[in-house]
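Trainee: After the structure tokens below, expect a handful of questions from me.
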Amino acid sequence: MNKVKELPGEAIVAATQAPSIGRSVRAYVERVRGGDMGALPAVLGLVVLCTVFAIARPSFLTAINFANLFTQGAAVTVIAMGLVFVLLLGEIDLSAGFASGVCAAVLAVTLTNMGLPWYVCVLAAILTGVLIGTVLGALVAKVGIPSFVVTLAAFLAFQGLVLLLVDEGTNISIRDNVVVAIATRNLPPWLGWALYAGGVAIYAAVQLLRARGRAKRGLVADPMSLIAARVGTLAVIAGLAVYVLNLERSRNALITSLTGVPIVIPVILALLVVWTFVLRRTAFGRHIYAVGGNAEAARRAGIAVDRIKVSAFVICSSMAAVGGIIAASRASSVDPNTGGSSVLLYAVGAAVIGGTSLFGGKGRVLDAILGGAVVAVIENGMGLMGYGASVKYLVTGSVLLLAAGVDALARKRAAAAGLR
Amino acid sequence: MTTPLLEVRGIDKSFGPVQVLHDVAFSAYAGEVTALVGDNGAGKSTLVKCVGGIYPIDSGEMLFDGRPVQVHGPRDAGVLGIEIVYQDLALCDNLDIVQNMFLGRERRRGLVLDEASMEEMAEQTLSGLSVRTVKSIRQQVSSLSGGQRQTVAIAKAVLWNSKVVILDEPTAALGVAQTAQVLELVRRLADKGLAVVLISHNMNDVFAVSDRIAALYLGRMAAQVRTADVTHAQVVELITSGRSGDLGIVQ
């Protein structure tokens with residue numbers, strides 16, 4: 001990272017130097033060279049993977065496959081979003097996969113076996129997640145068992161719990177319309193466009209208001225050109241996505257029409273906005289970064305480190321519950337494998353591939369989505385190319401290792417740059 | 001003689017069977033830099049942590065501005081206006097300067113952090129201390145040099161209208177130019193009317209900035225003198241043997 005030379009005459013330049021687009025780009029390049037890669041590997045990976053698959057299998061680029069990508073990756077992405085909080089503290093939750101399975105089983109049992117209304121069941125599933133997170137967090141923060149061990153134990157125990165809940169391996173089907181709709185139905189096309197317009201407008205308004213507020217106080221504000229570029233990029237990418245998703249995807253449109261944005265997409269985006277707000281704009285979020293960066297400093301600053309740790313585990317397990325609900329909705333059933341096999345590793349992989357550090361203190365909720373997209377594209381593309389589970393596991397494992405390697409090397413490099 | 005801003009008397013502190021502080025008296029005056037010196041294990045850090053409320057004291061009393069006070073935790077010390085800048089700085093590398101300065105005491109409007117007013121206050125504090133070496137106060141602390149980090153840690157302590165600032169070996173890990181920079185800042189703090197306590201091993205630093213010197217020897221206060229009244233050699237003697245001529249512990 002660029003070290004400032006200590007010349008006595010150098011004033012605080014911040015007040016005078018407004019960041020233009022050019023300067024922002026230069027600052028970004030410098031950050032990347034200093035070892036802070038952020039989401040760059042994930043974005044580049046996505047571009048490369050999509051290009052390769054699009055050339056090898058033209059069907060990869062069809063509207064129906066594009067929509068499939070989202071519903072396939074949704075559960076893993078949501079679990080990864082929760083994992084970001086735990087990873088930010090430098091901890092790990094290996095039980096998130098099966099925690100989602102337990103919560104999905106709670107949903108299925110209350111919904112199908114007990115016949116309770118869907119909102120009660122969804123609430124029960126999420127509360128189960130909260131409970132799981134509280135127990136895990138208390139064991140890590142209060143008792144002091146390393147999170148690796150606590151969650152490894154929970155990983156095993158939850159497998160048993162799922163089996164118990166679904167009666168030793170039966171498959172409980174889910175028929176409730178609302179729950180099934182979450183991951184299988186689409187928004188009407190007009191609603192997709194309306195949400196798109198509203199989202200872009202709100203994003204632009206927030207950016208403008210913040211810049212105006214800062215300029216009024218005489219602080220460095222982002223220039224109009226930069227804001228316009230950001231809003232424009234969002235508008236173009238999101239607009240393209242909505243347009244493609246609103247195309248007819250049905251093979252025979254006369255029998256059933258299949259158009260619109262899958263309902264999981266606004267669900268995930270809403271979660272992204274909420275959690276990003278929590279992490280970036282609230283004292284709680286700031287304290288999560290602080291505990292992940294230097295727990296001792298956070299303690300001395302009067303932050304209740306234990307409480308922050310417990311809440312991160314609660315968020316992680318509750319998001320796992322949401323992931324479990326999405327998985328149950330997509331499969332329209334829950335069985336002992338829900339949340340099992342590769343779900344957890346895909347979720348950890350998604351967060352790390354997206355740029356969240358395994359060492360704590362660095363990461364965003366958006367990372368989980370970018371990384372989740374990479375994982376989903378690999379899974380989907382390899383499937384289209386006819387590779388079996390063996391190759392998919394090998395490739396995803398390698399990508400996870402690669403991402404963790406990039407993370408570790410970036411950290412080394414940043415340390416070297418900081419000491420220089 | 002003016003009343004000291006911070007005064008402790010008869011402090012005893014033991015960790016299990018080991019008595020670390022014996023009947024220690026110590027005062028710090030507003031507008032002055034008081035150097036706290038002593039060999040390794042003399043009890044400097046323990047004394048400071050007792051004052052800061054991190055360790056409870058076994059016996060003794062503490063006066064703040066002439067009034068007796070009880071300090072039961074770091075928060076009590078903070079309320080009185082006592083801030084300690086620790087040797088290991090206690091900054092978060094992954095946060096920027098403003099975020100670090102307000103850590104644990106963020107300003108907010110409703111639920112939302114009030115970034116703009118925090119940035120404003122941080123900038124005022126830094127320029128009030130004539131700090132000119134940071135490029136942007138939105139810079140991550142990981143990108144700062146040792147001297148700049150020390151500056152941020154000190155500015156963080158000053159931000160809260162503190163009255164007593166205790167610096168635990170602020171120049172220990174710094175180069176020549178950076179040391180000069182930090183010492184200059186220490187002097188400026190005292191000139192602004194704060195009581196500054198400087199723990200240091202470096203006699204040059206001590207003589208460069210301090211008005212008074214307090215020397216600890218094996219957990220006892222050997223002497224508290226005005227810097228102008230003693231020589232380099234006398235202070236070294238006080239540190240190593242607890243006495244020097246008429247000064248020091250009477251055996």
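For the structure tokens, the naming scheme is as follows: chains receive sequential letters (A, B, ...) according to their order of presentation, residues are indexed from 1 within each chain, and ligands are indexed from 1 in presentation order.
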For Met203 (chain B), list every protein, DNA or RNA residue within 9 Å, evaluated using only C-alpha atoms, and leave out those in the same chain fewer than 6 positions away; present the list as a list in words.

Mentor: Val37, His232, Val235 and Val236 of chain B

Trainee: Near Ala297 (chain A), within 9 Å and counting only C-alpha atoms, which residues show up once chain neighbours fewer than 4 positions away are dropped, as a ChimeraX atom specification?

Mentor: /A:290-291,293,301-303 /B:89-92,103

Trainee: Would you save the residues from that selection as a PDB file, in the first residue's frame, using N, CA and C atoms?

Mentor:
ATOM      1  N   ALA A 290     -14.242  -4.301  13.450  1.00  0.00           N
ATOM      2  CA  ALA A 290     -13.209  -4.004  14.439  1.00  0.00           C
ATOM      3  C   ALA A 290     -12.768  -5.275  15.163  1.00  0.00           C
ATOM      4  N   VAL A 291     -13.737  -6.107  15.558  1.00  0.00           N
ATOM      5  CA  VAL A 291     -13.392  -7.343  16.265  1.00  0.00           C
ATOM      6  C   VAL A 291     -12.597  -8.250  15.339  1.00  0.00           C
ATOM      7  N   GLY A 293     -10.679  -7.264  12.892  1.00  0.00           N
ATOM      8  CA  GLY A 293      -9.374  -6.666  12.596  1.00  0.00           C
ATOM      9  C   GLY A 293      -8.432  -6.759  13.777  1.00  0.00           C
ATOM     10  N   ALA A 301     -11.634  -0.566  23.303  1.00  0.00           N
ATOM     11  CA  ALA A 301     -12.487   0.557  22.912  1.00  0.00           C
ATOM     12  C   ALA A 301     -13.867   0.429  23.544  1.00  0.00           C
ATOM     13  N   GLY A 302     -14.044  -0.580  24.389  1.00  0.00           N
ATOM     14  CA  GLY A 302     -15.307  -0.718  25.091  1.00  0.00           C
ATOM     15  C   GLY A 302     -16.359  -1.502  24.334  1.00  0.00           C
ATOM     16  N   ILE A 303     -15.952  -2.213  23.270  1.00  0.00           N
ATOM     17  CA  ILE A 303     -16.904  -3.016  22.512  1.00  0.00           C
ATOM     18  C   ILE A 303     -17.063  -4.367  23.203  1.00  0.00           C
TER      19      ILE A 303
ATOM     20  N   LEU B  89      -0.671   0.096  20.721  1.00  0.00           N
ATOM     21  CA  LEU B  89      -1.506   1.006  19.942  1.00  0.00           C
ATOM     22  C   LEU B  89      -2.995   0.745  19.919  1.00  0.00           C
ATOM     23  N   ALA B  90      -3.386  -0.524  19.886  1.00  0.00           N
ATOM     24  CA  ALA B  90      -4.811  -0.812  19.896  1.00  0.00           C
ATOM     25  C   ALA B  90      -5.562  -0.122  18.767  1.00  0.00           C
ATOM     26  N   LEU B  91      -5.011  -0.192  17.573  1.00  0.00           N
ATOM     27  CA  LEU B  91      -5.735   0.283  16.391  1.00  0.00           C
ATOM     28  C   LEU B  91      -6.136  -0.925  15.556  1.00  0.00           C
ATOM     29  N   CYS B  92      -7.233  -0.780  14.811  1.00  0.00           N
ATOM     30  CA  CYS B  92      -7.645  -1.847  13.907  1.00  0.00           C
ATOM     31  C   CYS B  92      -7.100  -1.542  12.519  1.00  0.00           C
ATOM     32  N   LEU B 103     -13.768   4.525  17.354  1.00  0.00           N
ATOM     33  CA  LEU B 103     -14.120   3.139  17.627  1.00  0.00           C
ATOM     34  C   LEU B 103     -14.730   2.983  19.023  1.00  0.00           C
TER      35      LEU B 103
END

Trainee: Interatomic distance between CA of Asn186 (chain A) and CA of Gly260 (chain A)?

Mentor: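 Separation of CA of Asn186 (chain A) and CA of Gly260 (chain A): 5.2 Å.
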
Trainee: Which residues are near Ser59 (chain B)? Cut-off 12 Å, only C-alpha atoms, ignore same chain within fewer than 6 positions. Put them as a compact mmCIF listing (two decimals) with C-alpha atoms, in the first residue's frame.

Mentor:
# COMPACT_ATOMS: atom_id res chain seq x y z
CA VAL B 8 -2.24 8.87 43.57
CA ARG B 9 -1.05 8.14 47.09
CA GLY B 10 -0.01 5.00 48.89
CA ILE B 11 -0.86 2.62 46.07
CA ASP B 12 -0.23 -1.05 46.81
CA LYS B 13 -0.81 -3.71 44.21
CA SER B 14 -0.09 -7.43 44.35
CA GLN B 19 3.77 -7.33 45.38
CA LEU B 21 3.70 -1.69 43.77
CA HIS B 22 4.69 -0.63 47.28
CA ASP B 23 3.14 2.56 48.67
CA VAL B 24 3.53 4.45 45.41
CA ALA B 25 2.77 8.16 45.19
CA CYS B 50 -4.18 0.91 37.98
CA GLN B 70 -12.82 5.82 42.55

Trainee: Pick out the residues sitting within 8 Å of region 262-266 of chain A, and hand them over as a short mmCIF file (atom, residue, chain, number, x, y, z; two decimals) with N, CA and C atoms, in the first residue's frame; count only C-alpha atoms, and ignore anything fewer than 6 positions along from it in its own chain.

Mentor:
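Wrote it out as around_29.cif, contents follow:
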data_model
loop_
_atom_site.label_atom_id
_atom_site.label_comp_id
_atom_site.auth_asym_id
_atom_site.auth_seq_id
_atom_site.Cartn_x
_atom_site.Cartn_y
_atom_site.Cartn_z
N ALA A 67 -32.02 -18.20 -15.97
CA ALA A 67 -32.93 -18.22 -14.83
C ALA A 67 -32.60 -19.38 -13.90
N PHE A 70 -29.82 -18.83 -11.24
CA PHE A 70 -30.18 -18.13 -10.01
C PHE A 70 -30.84 -19.07 -9.01
N THR A 71 -31.81 -19.86 -9.51
CA THR A 71 -32.51 -20.72 -8.57
C THR A 71 -31.58 -21.83 -8.07
N ALA A 74 -29.20 -20.12 -5.40
CA ALA A 74 -29.79 -19.25 -4.38
C ALA A 74 -29.49 -19.71 -2.95
N ALA A 181 -43.46 -21.28 -3.93
CA ALA A 181 -43.28 -20.19 -4.88
C ALA A 181 -41.92 -19.51 -4.74
N ILE A 182 -41.37 -19.49 -3.50
CA ILE A 182 -40.14 -18.72 -3.26
C ILE A 182 -39.06 -19.05 -4.28
N ALA A 183 -38.85 -20.32 -4.54
CA ALA A 183 -37.74 -20.69 -5.41
C ALA A 183 -38.18 -21.22 -6.76
N THR A 184 -39.48 -21.32 -7.00
CA THR A 184 -39.88 -21.92 -8.28
C THR A 184 -40.73 -21.01 -9.16
N ARG A 185 -41.35 -19.99 -8.56
CA ARG A 185 -42.21 -19.12 -9.37
C ARG A 185 -41.49 -17.84 -9.77
N ASN A 186 -42.13 -17.11 -10.69
CA ASN A 186 -41.52 -15.87 -11.16
C ASN A 186 -42.44 -14.69 -10.91
N LEU A 187 -41.84 -13.51 -10.88
CA LEU A 187 -42.63 -12.29 -10.79
C LEU A 187 -43.26 -12.02 -12.15
N LEU A 245 -34.61 -12.12 -18.33
CA LEU A 245 -35.48 -12.96 -17.51
C LEU A 245 -36.95 -12.79 -17.88
N ILE A 326 -35.21 -21.87 1.23
CA ILE A 326 -35.13 -21.77 -0.23
C ILE A 326 -34.86 -23.14 -0.84
#

Trainee: If you count only C-alpha atoms, which residues fall within 7 Å of Phe155 (chain A), apart from same-chain ones fewer than 4 positions away, as a list in words?

Mentor: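 The contact residues come out as Leu94, Ser95, Phe98, Thr151 and Gln159 of chain A.
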
Trainee: Please report, as CSV, each residue of chain B lying at most 6 Å from chain A, together with the nearest pair of atoms and the separation in Å rounded to one decimal; use only C-alpha atoms, and order rows by chain and ascending residue number.

Mentor:
residue,atom,partner,partner_atom,distance
B:Ala90,CA,A:Ala297,CA,4.2
B:Leu91,CA,A:Ala297,CA,5.7
B:Cys92,CA,A:Asn294,CA,5.2
B:Asn94,CA,A:Gly293,CA,5.6
B:Gly104,CA,A:Ala301,CA,5.1
B:Val112,CA,A:Thr282,CA,5.1
B:Leu113,CA,A:Thr282,CA,5.3
B:Arg132,CA,A:Ala11,CA,4.8
B:Thr133,CA,A:Glu6,CA,5.6
B:Lys135,CA,A:Ile12,CA,5.7
B:Ser136,CA,A:Ala14,CA,4.8
B:Ser142,CA,A:Gly418,CA,5.9
B:Ser143,CA,A:Gly418,CA,5.3

Trainee: Hey, what's within 8 Å of Gly192 (chain A) if we count only C-alpha atoms and toss same-chain stuff fewer than 4 positions away? As a PyMOL selection string, please?

Mentor: chain A and resi 187-188+196+242+246+260-261

Trainee: Store the residues of this selection in a file with N, CA and C atoms, as a short mmCIF file (atom, residue, chain, number, x, y, z; two decimals), in the first residue's frame.

Mentor:
data_model
loop_
_atom_site.label_atom_id
_atom_site.label_comp_id
_atom_site.auth_asym_id
_atom_site.auth_seq_id
_atom_site.Cartn_x
_atom_site.Cartn_y
_atom_site.Cartn_z
N LEU A 187 -41.84 -13.51 -10.88
CA LEU A 187 -42.63 -12.29 -10.79
C LEU A 187 -43.26 -12.02 -12.15
N PRO A 188 -44.45 -11.39 -12.19
CA PRO A 188 -44.95 -10.95 -13.50
C PRO A 188 -43.96 -9.93 -14.09
N TYR A 196 -37.16 -2.99 -10.69
CA TYR A 196 -35.90 -2.52 -11.28
C TYR A 196 -35.83 -1.00 -11.24
N VAL A 242 -33.00 -8.15 -16.17
CA VAL A 242 -34.47 -8.17 -16.12
C VAL A 242 -35.03 -8.45 -17.51
N ASN A 246 -37.28 -11.66 -18.53
CA ASN A 246 -38.67 -11.46 -18.94
C ASN A 246 -38.96 -12.07 -20.31
N GLY A 260 -40.46 -13.88 -16.60
CA GLY A 260 -40.37 -13.07 -15.38
C GLY A 260 -39.17 -13.39 -14.53
N VAL A 261 -38.91 -12.47 -13.63
CA VAL A 261 -37.77 -12.61 -12.72
C VAL A 261 -38.13 -13.62 -11.63
#

Trainee: Enter the distance from CA of Leu234 (chain A) to CA of Val84 (chain A), in Å, rounded to one decimal.

Mentor: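 Separation of CA of Leu234 (chain A) and CA of Val84 (chain A): 23.0 Å.
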
Trainee: Using only C-alpha atoms, which of the listed residues (A:Gly405, A:Gly115, A:Gly354, A:Gly381) sits closest to Pro41 (chain A)?

Mentor: A:Gly354

Trainee: Check the smallest atom-to-atom distance from each of A:Leu358, A:Ala154, A:Ala197, A:Cys121 to Val231 (chain A) using only C-alpha atoms, then report the winner.

Mentor: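 That would be A:Ala197, the residue with the smallest distance to Val231 (chain A).
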
Trainee: Could you list, as a count of residues only, every residue within 12 Å of Met121 (chain B), counting only C-alpha atoms and ignoring same-chain residues fewer than 4 positions away?

Mentor: 24

Trainee: Can you measure CA of Asp191 (chain B) to CA of Met118 (chain B) for me? One decimal in Å is fine.

Mentor: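 Distance between the two atoms: 25.1 Å.
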